[in-house]
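Heads up: the structure comes next, in structure tokens.
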Number of protein chains: 2
Amino acid sequence: MNSAENNIDDVIDTEGLDAFLQYEAGSDINHQYLTGFKASDSFTFLRYKGKSILLVAPVEKAKAESQSDADVVRSTAEFVTGDVRDDIEAEASVISDFVSEYDIEDIGVHRGFSLYIAEVLTNDGFSVRSVDDVVMSARKSKSKNELAKLKNAQLVTEGAMELSKETIRESTVVDGELFFDGEPLTSERFRNILRDFFRSQNCVLDEAIVACGTQSADPHNRGSGVLMANEPILLDIFPRHKSGYWGDMSRTFVKGEPSEELQRMYDTTLDAFVAATDVLSMGAGVTGQEVHNKVCDVFESAGYPTIRGGDIDEGFLHSTGHAIGLELHEPPRLVGGSGKLKEGYVLTVEPGLYKKEFGGVRIEDMVVVTEDGYSNFNNLSPDFRL
Amino acid sequence: MNSAENNIDDVIDTEGLDAFLQYEAGSDINHQYLTGFKASDSFTFLRYKGKSILLVAPVEKAKAESQSDADVVRSTAEFVTGDVRDDIEAEASVISDFVSEYDIEDIGVHRGFSLYIAEVLTNDGFSVRSVDDVVMSARKSKSKNELAKLKNAQLVTEGAMELSKETIRESTVVDGELFFDGEPLTSERFRNILRDFFRSQNCVLDEAIVACGTQSADPHNRGSGVLMANEPILLDIFPRHKSGYWGDMSRTFVKGEPSEELQRMYDTTLDAFVAATDVLSMGAGVTGQEVHNKVCDVFESAGYPTIRGGDIDEGFLHSTGHAIGLELHEPPRLVGGSGKLKEGYVLTVEPGLYKKEFGGVRIEDMVVVTEDGYSNFNNLSPDFRL
């Protein structure tokens, strides 16, 4: 039994339900986490009397039996002839017939459960209501196995950051522009170098931020064109490993000499990063808001505005970090209002400063919250000038 | 007004509703199609008195105003302080406050609408019920612009299939295994060759089936290990073009000599493919079921069981095809119970046969249904032995 199933059994008990039902696309991450099954199409999960039962398309049955964590796998072909995928009316009717085979009246469902299927079940005499997000709350605390996968994804990402440093170090400067292997080093080419690296490491890199100069002042700008000397080169790299888990790491480098203000932005961001980890070293029980507030304190003391003070377009523009796992961005965020962090939460810590005239700086590692502190998955020193 | 909005106004009229509400993730394709807006986070669409109104997070407002098709864009900041993204309870409350500002009691929603939000709205005195899938039904008939994009995506996919043929043709056989450029030709390496090709063609290839031998007997097996001579090599290639539209094409090849039974499976599958296109040549008005039944007739006449006869694990295991567009799999499928095909429907036609001892065979093209026939986007000959 995984921790999501455990949460479900608890909610069935406390809410006086007979069963819990989840119907989602095979691509839905909560569905994959709950069932251990990554299907091409929508399928149904039923938790009933301590057992997990899947209802899948006939063509997925063998795969579900070999890959999923379910106790029982059933096929829609037991209820209807042919293939009902993508036919929501037929699927709703099959789900109703399927649930009817058990001794079930009161059904709890996840909050995103289809209103239409709920209507069909209600018409067929069932009582259906949504319950708290039991799967997402299980996902927040990572298991040992998940921690190993996240650490592995992050170490590969760190390898890409080492490669990035080497690439910038080895490049030459001609008229203020970076050249590598005799050709201009552009953001686009840099991303392809990273993509090739990740492919060799069982990871997929869809996008990455390689933003230089004033481009980096916008935290969402992916970057384009030739990289320049004496300007910030902001790298934010977030691949998905074959295991399903994500890496996410940022560094900012300068080839040559940064301006005095850029150096000050960098030093302040590093101070903010250290301040965040100081708070995290108190371990489980500290709140995300405390971490974020400490980062804002450091920035504001140095004279930089922060998001805490309202709508701004320069300074510290975003949250201090976010949870990460099977999705790149998971709740909770490290931001105002964020609650207590528990053991096993995996989070990015990524303070940054942005000024339109000078560009942006961001330093990002991945950490796991432990009972009495935290552990940083990264080892790479926060170099700046290359 | 786009055709989805047109459908919505019709359903508001015929069902006696005051408004139509859709709340979905920004990544939801129906949501993107309906609103013309691709957001990073969930947002709300309201159709009321012939106007389309969006409710988005504060950080998305400017982007929604410049990119979406909506008449009015509003921000959640009008209703609540701070950022409510990822907080479904706060979002549901904001949606209720937002709808309360209009003269609305009876609300129609899409079938996948969150049961939880429906419960919140019901508690607040609204009447909420699901209506027919108005957006998806608009998406089924592709516009001229969409047809051009799909044809383009499929022609790039055909280019990848040509490249695949050349790669298999040029490979040598050593001890029954394929070698290309002096190294073993594995499924994994083949997929990387395809990925490189698609990257150069503005497409992303996430996965592809390159399954050899008995692996190919499971229609969903992606394939692994070295490709072998005298065995089926089943290629099913489905990239997404930068335009957002998908290609999807399958061929089966043998390097060397197929077994007698494999050759018979191939010939029968090709007969079934031709039979499907014979039915499609009647054009709009023919049903998906008629196409599928004809394919099943061909297979059954040749002695192969089909999915039409019930739960099987060998023979013709899946539907004859599926619609395709902004998603790889869209309704309708070509399968038992499938209704009339209309002008502008774009479908794959992909009969296949699978036997555990011999492997699998599949032939797949993409076609558009026209008023009096169909047009095949593909031109590649159905070669088998290479």
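Lettering and numbering for the structure tokens are positional, with chains as A, B, ... in the shown order, residues counted from 1 in each chain, and ligands counted from 1 in the shown order.
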Can you list every residue in segment 10-155 of chain B that DSSP puts in strand (DSSP E), as an MDAnalysis selection string?
-> chainID B and resid 19:24 43:48 51:56 72:75 106:109 127:130
Store the residues picked out above in a file with C-alpha atoms, as a compact mmCIF listing (two decimals), in the first residue's frame.
```txt
# COMPACT_ATOMS: atom_id res chain seq x y z
CA ALA B 19 -24.29 31.17 -19.08
CA PHE B 20 -21.60 28.62 -19.88
CA LEU B 21 -18.55 28.24 -17.66
CA GLN B 22 -15.31 26.40 -18.34
CA TYR B 23 -12.47 26.12 -15.83
CA GLU B 24 -9.42 24.12 -16.85
CA PHE B 43 -8.10 29.97 -15.73
CA THR B 44 -11.84 30.48 -16.21
CA PHE B 45 -13.92 31.15 -19.32
CA LEU B 46 -17.45 32.54 -19.05
CA ARG B 47 -19.84 32.89 -22.00
CA TYR B 48 -22.64 35.30 -21.10
CA LYS B 51 -19.66 37.79 -24.84
CA SER B 52 -16.61 35.77 -23.84
CA ILE B 53 -15.08 36.80 -20.52
CA LEU B 54 -11.82 35.39 -19.12
CA LEU B 55 -10.83 35.35 -15.45
CA VAL B 56 -7.07 34.90 -15.11
CA VAL B 72 -13.15 40.98 -21.77
CA VAL B 73 -10.26 39.86 -19.55
CA ARG B 74 -10.59 40.13 -15.77
CA SER B 75 -8.10 39.33 -13.01
CA ASP B 106 -28.44 28.34 -14.41
CA ILE B 107 -24.91 27.50 -15.52
CA GLY B 108 -23.91 24.94 -18.12
CA VAL B 109 -20.40 23.53 -17.86
CA SER B 127 -27.66 25.55 -10.57
CA VAL B 128 -24.83 23.77 -12.40
CA ARG B 129 -25.09 20.96 -14.92
CA SER B 130 -22.92 19.54 -17.66
```
Interface rows for chain B against chain A: nearest pair, Å to one decimal, 8 Å, only C-alpha atoms, as a Markdown table:
```
| residue | atom | partner | partner_atom | distance |
| --- | --- | --- | --- | --- |
| B:Asp86 | CA | A:Pro331 | CA | 7.3 |
| B:His110 | CA | A:Tyr116 | CA | 7.9 |
| B:Arg111 | CA | A:Tyr116 | CA | 4.7 |
| B:Gly112 | CA | A:Ser114 | CA | 4.2 |
| B:Phe113 | CA | A:Leu115 | CA | 5.4 |
| B:Ser114 | CA | A:Gly112 | CA | 4.2 |
| B:Leu115 | CA | A:Leu115 | CA | 4.8 |
| B:Tyr116 | CA | A:Arg111 | CA | 4.8 |
| B:Ile117 | CA | A:Arg111 | CA | 7.7 |
| B:Ala118 | CA | A:Leu115 | CA | 7.4 |
| B:Arg129 | CA | A:Leu115 | CA | 7.6 |
| B:Ser130 | CA | A:Tyr116 | CA | 5.6 |
| B:Pro219 | CA | A:Val59 | CA | 8.0 |
| B:Ile307 | CA | A:Gly82 | CA | 6.2 |
| B:Arg308 | CA | A:Gly82 | CA | 6.0 |
| B:Gly309 | CA | A:Thr81 | CA | 7.9 |
| B:Gly310 | CA | A:Thr81 | CA | 6.0 |
| B:Asp311 | CA | A:Ala77 | CA | 6.1 |
| B:Leu317 | CA | A:Val59 | CA | 6.9 |
| B:His318 | CA | A:Val59 | CA | 7.0 |
| B:Ser319 | CA | A:Asp83 | CA | 7.0 |
| B:Glu330 | CA | A:Asp86 | CA | 7.1 |
| B:Pro331 | CA | A:Asp86 | CA | 5.8 |
| B:Pro332 | CA | A:Asp86 | CA | 7.4 |
| B:Arg333 | CA | A:Asp86 | CA | 7.7 |
| B:Val335 | CA | A:Asp83 | CA | 7.1 |
| B:Gly336 | CA | A:Gly82 | CA | 6.3 |
```
Determine which residues of segment 269-375 of chain A DSSP labels as helix (DSSP H, G or I) from the backbone of this structure, then write them out as number ranges by chain.
-> A: 269-280, 288-301, 307-309
Identify, on the basis of only C-alpha atoms, every residue whose closest approach to Asp218 of chain B does not exceed 10 Å; exclude the query and any residue fewer than 2 positions from it along the same chain; express the result as a PDB file with N, CA and C atoms, in the first residue's frame.
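This is the output file out08.pdb:
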```pdb
ATOM      1  N   VAL A  59      -6.858  -2.989 -24.465  1.00  0.00           N
ATOM      2  CA  VAL A  59      -5.518  -2.980 -25.018  1.00  0.00           C
ATOM      3  C   VAL A  59      -4.460  -2.631 -23.959  1.00  0.00           C
ATOM      4  N   GLU A  60      -4.889  -2.086 -22.821  1.00  0.00           N
ATOM      5  CA  GLU A  60      -3.944  -1.691 -21.769  1.00  0.00           C
ATOM      6  C   GLU A  60      -3.877  -2.724 -20.645  1.00  0.00           C
ATOM      7  N   ALA A  62      -2.842  -5.911 -20.177  1.00  0.00           N
ATOM      8  CA  ALA A  62      -1.608  -6.659 -19.875  1.00  0.00           C
ATOM      9  C   ALA A  62      -0.570  -5.726 -19.257  1.00  0.00           C
ATOM     10  N   LYS A  63      -0.450  -4.521 -19.834  1.00  0.00           N
ATOM     11  CA  LYS A  63       0.520  -3.554 -19.331  1.00  0.00           C
ATOM     12  C   LYS A  63       0.158  -3.140 -17.893  1.00  0.00           C
TER      13      LYS A  63
ATOM     14  N   ALA B 211       9.644  -1.299 -32.642  1.00  0.00           N
ATOM     15  CA  ALA B 211       9.552  -2.595 -31.967  1.00  0.00           C
ATOM     16  C   ALA B 211       9.840  -3.702 -32.967  1.00  0.00           C
ATOM     17  N   THR B 214       9.030 -10.297 -31.605  1.00  0.00           N
ATOM     18  CA  THR B 214       7.826 -10.543 -30.806  1.00  0.00           C
ATOM     19  C   THR B 214       7.428  -9.325 -29.976  1.00  0.00           C
ATOM     20  N   GLN B 215       8.350  -8.377 -29.761  1.00  0.00           N
ATOM     21  CA  GLN B 215       7.982  -7.118 -29.084  1.00  0.00           C
ATOM     22  C   GLN B 215       6.800  -6.451 -29.788  1.00  0.00           C
ATOM     23  N   SER B 216       6.815  -6.536 -31.114  1.00  0.00           N
ATOM     24  CA  SER B 216       5.800  -5.819 -31.905  1.00  0.00           C
ATOM     25  C   SER B 216       4.421  -6.463 -31.795  1.00  0.00           C
ATOM     26  N   HIS B 220       1.437  -1.589 -27.869  1.00  0.00           N
ATOM     27  CA  HIS B 220       1.943  -0.445 -27.101  1.00  0.00           C
ATOM     28  C   HIS B 220       3.411  -0.575 -26.701  1.00  0.00           C
ATOM     29  N   ASN B 221       4.040  -1.675 -27.035  1.00  0.00           N
ATOM     30  CA  ASN B 221       5.455  -1.857 -26.685  1.00  0.00           C
ATOM     31  C   ASN B 221       6.311  -0.896 -27.519  1.00  0.00           C
ATOM     32  N   ARG B 222       7.101  -0.043 -26.828  1.00  0.00           N
ATOM     33  CA  ARG B 222       7.926   0.952 -27.531  1.00  0.00           C
ATOM     34  C   ARG B 222       9.102   0.307 -28.257  1.00  0.00           C
ATOM     35  N   GLY B 223       9.514  -0.861 -27.797  1.00  0.00           N
ATOM     36  CA  GLY B 223      10.651  -1.555 -28.412  1.00  0.00           C
ATOM     37  C   GLY B 223      11.951  -1.230 -27.725  1.00  0.00           C
ATOM     38  N   ASP B 313      -6.438 -11.489 -27.367  1.00  0.00           N
ATOM     39  CA  ASP B 313      -5.063 -11.050 -27.178  1.00  0.00           C
ATOM     40  C   ASP B 313      -4.196 -11.314 -28.414  1.00  0.00           C
ATOM     41  N   GLU B 314      -4.811 -11.816 -29.484  1.00  0.00           N
ATOM     42  CA  GLU B 314      -4.128 -11.923 -30.770  1.00  0.00           C
ATOM     43  C   GLU B 314      -5.129 -11.546 -31.861  1.00  0.00           C
ATOM     44  N   LEU B 317      -6.389  -5.966 -32.674  1.00  0.00           N
ATOM     45  CA  LEU B 317      -6.628  -5.692 -31.249  1.00  0.00           C
ATOM     46  C   LEU B 317      -7.171  -4.304 -30.944  1.00  0.00           C
ATOM     47  N   LEU B 353      -2.304  -6.353 -37.312  1.00  0.00           N
ATOM     48  CA  LEU B 353      -2.480  -7.739 -36.855  1.00  0.00           C
ATOM     49  C   LEU B 353      -1.328  -8.095 -35.924  1.00  0.00           C
ATOM     50  N   TYR B 354      -1.646  -8.837 -34.865  1.00  0.00           N
ATOM     51  CA  TYR B 354      -0.651  -9.147 -33.832  1.00  0.00           C
ATOM     52  C   TYR B 354      -0.758 -10.611 -33.437  1.00  0.00           C
ATOM     53  N   LYS B 355       0.374 -11.325 -33.518  1.00  0.00           N
ATOM     54  CA  LYS B 355       0.413 -12.716 -33.045  1.00  0.00           C
ATOM     55  C   LYS B 355       1.666 -12.886 -32.194  1.00  0.00           C
ATOM     56  N   LYS B 356       1.479 -13.461 -31.007  1.00  0.00           N
ATOM     57  CA  LYS B 356       2.590 -13.519 -30.045  1.00  0.00           C
ATOM     58  C   LYS B 356       3.825 -14.219 -30.599  1.00  0.00           C
ATOM     59  N   GLY B 359       4.865 -11.649 -34.029  1.00  0.00           N
ATOM     60  CA  GLY B 359       5.028 -10.204 -33.917  1.00  0.00           C
ATOM     61  C   GLY B 359       3.829  -9.470 -34.487  1.00  0.00           C
ATOM     62  N   GLY B 360       4.024  -8.194 -34.814  1.00  0.00           N
ATOM     63  CA  GLY B 360       2.912  -7.367 -35.246  1.00  0.00           C
ATOM     64  C   GLY B 360       3.179  -6.655 -36.549  1.00  0.00           C
TER      65      GLY B 360
END
```
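Coordinates place atom CA of Asp181 of chain A at a distance of 28.5 Å from atom CA of Gln263 of chain A.
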Tell me, in Å to one decimal, how far atom CA of Phe180 of chain A is from atom CA of Phe198 of chain A.
->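 Here the two named atoms are 19.5 Å from each other.
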Which residues come within 8 Å of Gly244 of chain B, counting only C-alpha atoms, excluding same-chain residues fewer than 3 positions away, as a list of chain:residue names?
->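 The residues that qualify are B:Arg240, B:His241, B:Leu326.
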Could you please determine the separation between atom CA of Asp372 of chain B and atom CA of Val156 of chain B in Å, to one decimal place?
->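 Atom-to-atom, atom CA of Asp372 of chain B and atom CA of Val156 of chain B are spaced 26.9 Å apart.
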Nearby residues (only C-alpha atoms) at most 8 Å from segment 269-280 of chain B, same-chain spacing under 4 positions excluded, as a PyMOL selection string | chain B and resi 265+286+290-292+294-296+298-299+349-353+361-363+369+373-374+382
Asp365 of chain B environment, 12 Å, only C-alpha atoms, sequence neighbours closer than 6 positions dropped, as a PDB file with N, CA and C atoms, in the first residue's frame:
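Output contents, as saved in around_0.pdb:
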```pdb
ATOM      1  N   LYS B 151      -1.528  18.541 -42.523  1.00  0.00           N
ATOM      2  CA  LYS B 151      -0.870  17.944 -43.693  1.00  0.00           C
ATOM      3  C   LYS B 151       0.639  18.174 -43.610  1.00  0.00           C
ATOM      4  N   GLN B 154       2.160  15.864 -41.117  1.00  0.00           N
ATOM      5  CA  GLN B 154       2.190  14.483 -41.605  1.00  0.00           C
ATOM      6  C   GLN B 154       3.248  14.310 -42.697  1.00  0.00           C
ATOM      7  N   LEU B 155       3.490  15.345 -43.491  1.00  0.00           N
ATOM      8  CA  LEU B 155       4.525  15.217 -44.526  1.00  0.00           C
ATOM      9  C   LEU B 155       5.913  15.160 -43.897  1.00  0.00           C
ATOM     10  N   THR B 157       6.430  13.807 -41.031  1.00  0.00           N
ATOM     11  CA  THR B 157       6.450  12.441 -40.479  1.00  0.00           C
ATOM     12  C   THR B 157       6.772  11.429 -41.582  1.00  0.00           C
ATOM     13  N   GLU B 158       6.221  11.684 -42.752  1.00  0.00           N
ATOM     14  CA  GLU B 158       6.528  10.809 -43.892  1.00  0.00           C
ATOM     15  C   GLU B 158       8.025  10.893 -44.234  1.00  0.00           C
ATOM     16  N   MET B 161       9.751   8.642 -42.065  1.00  0.00           N
ATOM     17  CA  MET B 161       9.558   7.241 -42.451  1.00  0.00           C
ATOM     18  C   MET B 161      10.478   6.885 -43.623  1.00  0.00           C
ATOM     19  N   ASP B 236       6.019   3.233 -35.459  1.00  0.00           N
ATOM     20  CA  ASP B 236       4.837   4.085 -35.306  1.00  0.00           C
ATOM     21  C   ASP B 236       5.362   5.419 -34.783  1.00  0.00           C
ATOM     22  N   ILE B 237       5.282   6.449 -35.641  1.00  0.00           N
ATOM     23  CA  ILE B 237       5.984   7.716 -35.393  1.00  0.00           C
ATOM     24  C   ILE B 237       4.966   8.839 -35.264  1.00  0.00           C
ATOM     25  N   PHE B 238       5.020   9.558 -34.133  1.00  0.00           N
ATOM     26  CA  PHE B 238       3.972  10.562 -33.867  1.00  0.00           C
ATOM     27  C   PHE B 238       4.580  11.802 -33.219  1.00  0.00           C
ATOM     28  N   GLY B 247       1.591  14.764 -36.257  1.00  0.00           N
ATOM     29  CA  GLY B 247       1.677  13.769 -37.308  1.00  0.00           C
ATOM     30  C   GLY B 247       1.529  12.400 -36.679  1.00  0.00           C
ATOM     31  N   ASP B 248       1.173  11.380 -37.470  1.00  0.00           N
ATOM     32  CA  ASP B 248       1.042  10.011 -36.941  1.00  0.00           C
ATOM     33  C   ASP B 248       1.048   9.043 -38.104  1.00  0.00           C
ATOM     34  N   MET B 249       2.038   8.192 -38.137  1.00  0.00           N
ATOM     35  CA  MET B 249       2.187   7.295 -39.279  1.00  0.00           C
ATOM     36  C   MET B 249       2.874   6.013 -38.829  1.00  0.00           C
ATOM     37  N   SER B 250       2.431   4.883 -39.377  1.00  0.00           N
ATOM     38  CA  SER B 250       3.063   3.593 -39.064  1.00  0.00           C
ATOM     39  C   SER B 250       3.390   2.834 -40.341  1.00  0.00           C
ATOM     40  N   ARG B 251       4.487   2.137 -40.299  1.00  0.00           N
ATOM     41  CA  ARG B 251       4.838   1.172 -41.332  1.00  0.00           C
ATOM     42  C   ARG B 251       5.507  -0.010 -40.652  1.00  0.00           C
ATOM     43  N   LEU B 270      -2.651  -5.064 -45.433  1.00  0.00           N
ATOM     44  CA  LEU B 270      -2.727  -4.147 -46.573  1.00  0.00           C
ATOM     45  C   LEU B 270      -4.109  -4.223 -47.241  1.00  0.00           C
ATOM     46  N   PHE B 273      -6.404  -2.278 -45.101  1.00  0.00           N
ATOM     47  CA  PHE B 273      -6.194  -0.838 -45.294  1.00  0.00           C
ATOM     48  C   PHE B 273      -6.943  -0.357 -46.536  1.00  0.00           C
ATOM     49  N   VAL B 274      -6.800  -1.105 -47.631  1.00  0.00           N
ATOM     50  CA  VAL B 274      -7.471  -0.732 -48.890  1.00  0.00           C
ATOM     51  C   VAL B 274      -8.987  -0.784 -48.709  1.00  0.00           C
ATOM     52  N   ALA B 276     -10.637  -0.228 -45.991  1.00  0.00           N
ATOM     53  CA  ALA B 276     -11.040   0.947 -45.206  1.00  0.00           C
ATOM     54  C   ALA B 276     -11.159   2.166 -46.109  1.00  0.00           C
ATOM     55  N   THR B 277     -10.174   2.352 -46.983  1.00  0.00           N
ATOM     56  CA  THR B 277     -10.217   3.531 -47.856  1.00  0.00           C
ATOM     57  C   THR B 277     -11.346   3.401 -48.894  1.00  0.00           C
ATOM     58  N   THR B 320      -9.803   0.971 -35.780  1.00  0.00           N
ATOM     59  CA  THR B 320      -9.224   1.165 -37.119  1.00  0.00           C
ATOM     60  C   THR B 320      -8.518   2.509 -37.232  1.00  0.00           C
ATOM     61  N   GLY B 321      -8.819   3.430 -36.331  1.00  0.00           N
ATOM     62  CA  GLY B 321      -8.153   4.728 -36.394  1.00  0.00           C
ATOM     63  C   GLY B 321      -8.780   5.693 -35.415  1.00  0.00           C
ATOM     64  N   HIS B 322      -8.246   6.910 -35.420  1.00  0.00           N
ATOM     65  CA  HIS B 322      -8.721   7.943 -34.503  1.00  0.00           C
ATOM     66  C   HIS B 322      -8.558   9.295 -35.161  1.00  0.00           C
ATOM     67  N   ALA B 323      -9.368  10.238 -34.726  1.00  0.00           N
ATOM     68  CA  ALA B 323      -9.174  11.605 -35.191  1.00  0.00           C
ATOM     69  C   ALA B 323      -7.900  12.163 -34.581  1.00  0.00           C
ATOM     70  N   ILE B 324      -7.369  13.202 -35.193  1.00  0.00           N
ATOM     71  CA  ILE B 324      -6.091  13.779 -34.774  1.00  0.00           C
ATOM     72  C   ILE B 324      -6.127  15.273 -35.054  1.00  0.00           C
ATOM     73  N   VAL B 346     -10.323  14.782 -39.704  1.00  0.00           N
ATOM     74  CA  VAL B 346      -9.012  14.213 -40.054  1.00  0.00           C
ATOM     75  C   VAL B 346      -8.768  12.998 -39.168  1.00  0.00           C
ATOM     76  N   LEU B 347      -8.461  11.878 -39.804  1.00  0.00           N
ATOM     77  CA  LEU B 347      -8.409  10.587 -39.115  1.00  0.00           C
ATOM     78  C   LEU B 347      -7.184   9.794 -39.525  1.00  0.00           C
ATOM     79  N   THR B 348      -6.695   8.976 -38.599  1.00  0.00           N
ATOM     80  CA  THR B 348      -5.727   7.962 -39.005  1.00  0.00           C
ATOM     81  C   THR B 348      -6.501   6.723 -39.444  1.00  0.00           C
ATOM     82  N   VAL B 349      -5.909   5.994 -40.390  1.00  0.00           N
ATOM     83  CA  VAL B 349      -6.444   4.689 -40.798  1.00  0.00           C
ATOM     84  C   VAL B 349      -5.305   3.713 -40.530  1.00  0.00           C
ATOM     85  N   GLU B 350      -5.485   2.795 -39.569  1.00  0.00           N
ATOM     86  CA  GLU B 350      -4.346   2.006 -39.107  1.00  0.00           C
ATOM     87  C   GLU B 350      -4.708   0.581 -38.697  1.00  0.00           C
ATOM     88  N   PRO B 351      -5.144  -0.225 -39.667  1.00  0.00           N
ATOM     89  CA  PRO B 351      -5.378  -1.626 -39.340  1.00  0.00           C
ATOM     90  C   PRO B 351      -4.056  -2.313 -38.973  1.00  0.00           C
ATOM     91  N   SER B 375      -9.196  12.434 -48.799  1.00  0.00           N
ATOM     92  CA  SER B 375      -7.894  12.717 -49.367  1.00  0.00           C
ATOM     93  C   SER B 375      -6.848  12.199 -48.398  1.00  0.00           C
ATOM     94  N   ASN B 376      -5.896  11.440 -48.933  1.00  0.00           N
ATOM     95  CA  ASN B 376      -4.834  10.871 -48.100  1.00  0.00           C
ATOM     96  C   ASN B 376      -3.672  11.861 -48.066  1.00  0.00           C
ATOM     97  N   PHE B 377      -3.234  12.251 -46.858  1.00  0.00           N
ATOM     98  CA  PHE B 377      -2.107  13.184 -46.741  1.00  0.00           C
ATOM     99  C   PHE B 377      -0.785  12.501 -47.073  1.00  0.00           C
ATOM    100  N   ASN B 378      -0.771  11.170 -47.099  1.00  0.00           N
ATOM    101  CA  ASN B 378       0.471  10.428 -47.334  1.00  0.00           C
ATOM    102  C   ASN B 378       0.623   9.978 -48.776  1.00  0.00           C
ATOM    103  N   ASN B 379       1.903   9.795 -49.129  1.00  0.00           N
ATOM    104  CA  ASN B 379       2.223   9.333 -50.480  1.00  0.00           C
ATOM    105  C   ASN B 379       3.159   8.132 -50.479  1.00  0.00           C
ATOM    106  N   LEU B 380       3.612   7.743 -49.296  1.00  0.00           N
ATOM    107  CA  LEU B 380       4.663   6.729 -49.235  1.00  0.00           C
ATOM    108  C   LEU B 380       4.091   5.349 -49.540  1.00  0.00           C
ATOM    109  N   SER B 381       4.763   4.634 -50.430  1.00  0.00           N
ATOM    110  CA  SER B 381       4.284   3.312 -50.817  1.00  0.00           C
ATOM    111  C   SER B 381       4.400   2.356 -49.634  1.00  0.00           C
ATOM    112  N   PRO B 382       3.496   1.377 -49.565  1.00  0.00           N
ATOM    113  CA  PRO B 382       3.525   0.445 -48.434  1.00  0.00           C
ATOM    114  C   PRO B 382       4.555  -0.660 -48.644  1.00  0.00           C
TER     115      PRO B 382
END
```
Determine, counting only C-alpha atoms, which protein, DNA and RNA residues have an atom within 9 Å of an atom of Phe179 of chain B; residues of the same chain fewer than 5 positions away are not included. Present the result as a list in words.
->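 Close residues of Phe179 of chain B: Ile168, Glu170, Ser171, Thr172, Val173, Val174, Pro184, Leu185, Thr186, Val226 and Leu227 of chain B.
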